[in-house]
Amino acid sequence: MKKIFVFLFLSCSLFFYAQNYGALNDLLTQLETKHKKMTDTSNYTLNNKKFVLVEDFEDHSERHILEFKDDNSLTLIELIDDKATGKTYSNIFSGDFIRKRNAVSVRANYLEGQPIPKAIIYNLYLMNLNDVWYLKDINNSKRWIEQNNLLNKK
């Protein structure tokens with residue numbers, strides 16, 4: 001019952017903020033090109049924070065929510081909206097993370113409580129521009145924007 005409630009809540013809330021995500025992502029691109037200086041973000045805590053990544057493809061759209069918890073564990077929720085059928089599918093992963101200053105390594109190795117053979121691994125870099133906190137994927141430059149920033153920019 002908890003999983004269904006969390007899924008419905010996150011689906012509804014992220015649907016309304018998907019447009020804000022695109023605008024913030026464009027703004028961050030502009031700011032990064034102007035200000036290449038990286039700052040130390042050691043004083044920022046990731047505990048109990050949520051970061052969102054929204055991707056749009058021809059046949060589907062994906063919303064990923066990365067929730068950091070106090071005990072260095074995390075939850076990764078993957079919501080996939082099929083454009084042809086209008087159905088939404090979800091996967092709930094759990095795992096852990098390690099942080100060293102600005103670098104954050106994420107490993108999700110359980111799918112709904114069951115171990116999976118190949119863990120999902122992200123290497124992220126914590127960044128802040130104009131009071132917008134986000135995680136930038138080191139491998140493909142995708143941005144996970146903090147959910148509070150999406151709520152504040154509405």
# chains A, B, ... in the order shown; residues from 1 in each chain; ligands from 1
$ residues_around --residues "region 96-111 of chain A" --least-positions-apart "3" --cutoff "7 Å" --atoms "only C-alpha atoms" --output "PDB file with N, CA and C atoms, in the first residue's frame"
ATOM      1  N   ASP A  40      33.472  24.270  -3.788  1.00  0.00           N
ATOM      2  CA  ASP A  40      33.404  23.163  -2.844  1.00  0.00           C
ATOM      3  C   ASP A  40      32.039  23.172  -2.174  1.00  0.00           C
ATOM      4  N   THR A  41      31.346  22.052  -2.231  1.00  0.00           N
ATOM      5  CA  THR A  41      29.996  21.948  -1.666  1.00  0.00           C
ATOM      6  C   THR A  41      29.967  20.991  -0.479  1.00  0.00           C
ATOM      7  N   SER A  42      31.058  20.883   0.231  1.00  0.00           N
ATOM      8  CA  SER A  42      31.141  19.948   1.357  1.00  0.00           C
ATOM      9  C   SER A  42      30.146  20.258   2.465  1.00  0.00           C
ATOM     10  N   ASN A  72      23.016   6.724   4.552  1.00  0.00           N
ATOM     11  CA  ASN A  72      23.747   6.505   3.302  1.00  0.00           C
ATOM     12  C   ASN A  72      23.073   5.500   2.378  1.00  0.00           C
ATOM     13  N   SER A  73      21.784   5.286   2.571  1.00  0.00           N
ATOM     14  CA  SER A  73      21.018   4.480   1.633  1.00  0.00           C
ATOM     15  C   SER A  73      20.234   5.418   0.726  1.00  0.00           C
ATOM     16  N   LEU A  74      19.684   4.857  -0.322  1.00  0.00           N
ATOM     17  CA  LEU A  74      18.937   5.681  -1.264  1.00  0.00           C
ATOM     18  C   LEU A  74      17.823   4.868  -1.902  1.00  0.00           C
ATOM     19  N   ILE A  92      11.149   0.532  -8.635  1.00  0.00           N
ATOM     20  CA  ILE A  92      11.672   1.130  -7.412  1.00  0.00           C
ATOM     21  C   ILE A  92      12.938   0.369  -7.021  1.00  0.00           C
ATOM     22  N   PHE A  93      14.066   1.065  -7.131  1.00  0.00           N
ATOM     23  CA  PHE A  93      15.356   0.489  -6.799  1.00  0.00           C
ATOM     24  C   PHE A  93      15.806   1.020  -5.442  1.00  0.00           C
ATOM     25  N   GLN A 114      14.480  -7.198  -4.195  1.00  0.00           N
ATOM     26  CA  GLN A 114      15.181  -8.364  -4.733  1.00  0.00           C
ATOM     27  C   GLN A 114      16.502  -7.928  -5.359  1.00  0.00           C
ATOM     28  N   PRO A 115      17.593  -8.649  -5.060  1.00  0.00           N
ATOM     29  CA  PRO A 115      18.878  -8.265  -5.655  1.00  0.00           C
ATOM     30  C   PRO A 115      18.854  -8.447  -7.175  1.00  0.00           C
ATOM     31  N   ILE A 116      19.501  -7.546  -7.887  1.00  0.00           N
ATOM     32  CA  ILE A 116      19.584  -7.638  -9.336  1.00  0.00           C
ATOM     33  C   ILE A 116      21.023  -7.958  -9.730  1.00  0.00           C
ATOM     34  N   ALA A 119      24.030  -3.952 -11.052  1.00  0.00           N
ATOM     35  CA  ALA A 119      23.593  -2.763 -10.324  1.00  0.00           C
ATOM     36  C   ALA A 119      23.573  -1.543 -11.244  1.00  0.00           C
ATOM     37  N   ILE A 120      22.682  -0.607 -10.926  1.00  0.00           N
ATOM     38  CA  ILE A 120      22.646   0.680 -11.619  1.00  0.00           C
ATOM     39  C   ILE A 120      23.606   1.603 -10.881  1.00  0.00           C
ATOM     40  N   ILE A 121      24.569   2.146 -11.608  1.00  0.00           N
ATOM     41  CA  ILE A 121      25.607   2.962 -10.983  1.00  0.00           C
ATOM     42  C   ILE A 121      25.656   4.325 -11.675  1.00  0.00           C
ATOM     43  N   TYR A 122      25.654   5.367 -10.856  1.00  0.00           N
ATOM     44  CA  TYR A 122      25.803   6.733 -11.354  1.00  0.00           C
ATOM     45  C   TYR A 122      26.978   7.380 -10.635  1.00  0.00           C
ATOM     46  N   ASN A 123      27.788   8.096 -11.385  1.00  0.00           N
ATOM     47  CA  ASN A 123      28.855   8.911 -10.822  1.00  0.00           C
ATOM     48  C   ASN A 123      28.452  10.359 -11.053  1.00  0.00           C
ATOM     49  N   LEU A 124      28.163  11.049  -9.973  1.00  0.00           N
ATOM     50  CA  LEU A 124      27.589  12.380 -10.053  1.00  0.00           C
ATOM     51  C   LEU A 124      28.495  13.404  -9.387  1.00  0.00           C
ATOM     52  N   TYR A 125      28.301  14.648  -9.780  1.00  0.00           N
ATOM     53  CA  TYR A 125      29.069  15.749  -9.217  1.00  0.00           C
ATOM     54  C   TYR A 125      28.070  16.780  -8.702  1.00  0.00           C
ATOM     55  N   LEU A 126      28.138  17.107  -7.421  1.00  0.00           N
ATOM     56  CA  LEU A 126      27.215  18.051  -6.803  1.00  0.00           C
ATOM     57  C   LEU A 126      27.604  19.474  -7.176  1.00  0.00           C
TER      58      LEU A 126
END
$ residues_around --residues "region 140-149 of chain A" --least-positions-apart "5" --cutoff "6 Å" --atoms "only C-alpha atoms" --output "MDAnalysis selection string"
chainID A and resid 50:53 133:135
$ residues_around --residues "Leu76 (chain A)" --least-positions-apart "4" --cutoff "7 Å" --atoms "only C-alpha atoms" --output "PDB file with C-alpha atoms, in the first residue's frame"
ATOM      1  CA  HIS A  64      13.798   9.419 -12.345  1.00  0.00           C
ATOM      2  CA  ILE A  65      13.693  10.378  -8.675  1.00  0.00           C
ATOM      3  CA  LEU A  66      16.798   9.879  -6.557  1.00  0.00           C
ATOM      4  CA  GLU A  67      16.095  10.111  -2.819  1.00  0.00           C
ATOM      5  CA  ILE A  92      11.672   1.130  -7.412  1.00  0.00           C
ATOM      6  CA  PHE A  93      15.356   0.489  -6.799  1.00  0.00           C
ATOM      7  CA  SER A  94      17.239   0.734  -3.518  1.00  0.00           C
TER       8      SER A  94
END
$ atom_distance --atom1 "CA of Arg63 (chain A)" --atom2 "CA of Gly95 (chain A)"
18.3 Å
$ closest_residue --among "A:Glu62, A:Ala84, A:Thr75, A:Ser90" --to "Lys49 (chain A)" --atoms "only C-alpha atoms"
A:Thr75
$ atom_distance --atom1 "CA of Ser61 (chain A)" --atom2 "CA of Lys136 (chain A)"
19.7 Å
$ atom_distance --atom1 "CA of His60 (chain A)" --atom2 "CA of Asp82 (chain A)"
4.6 Å
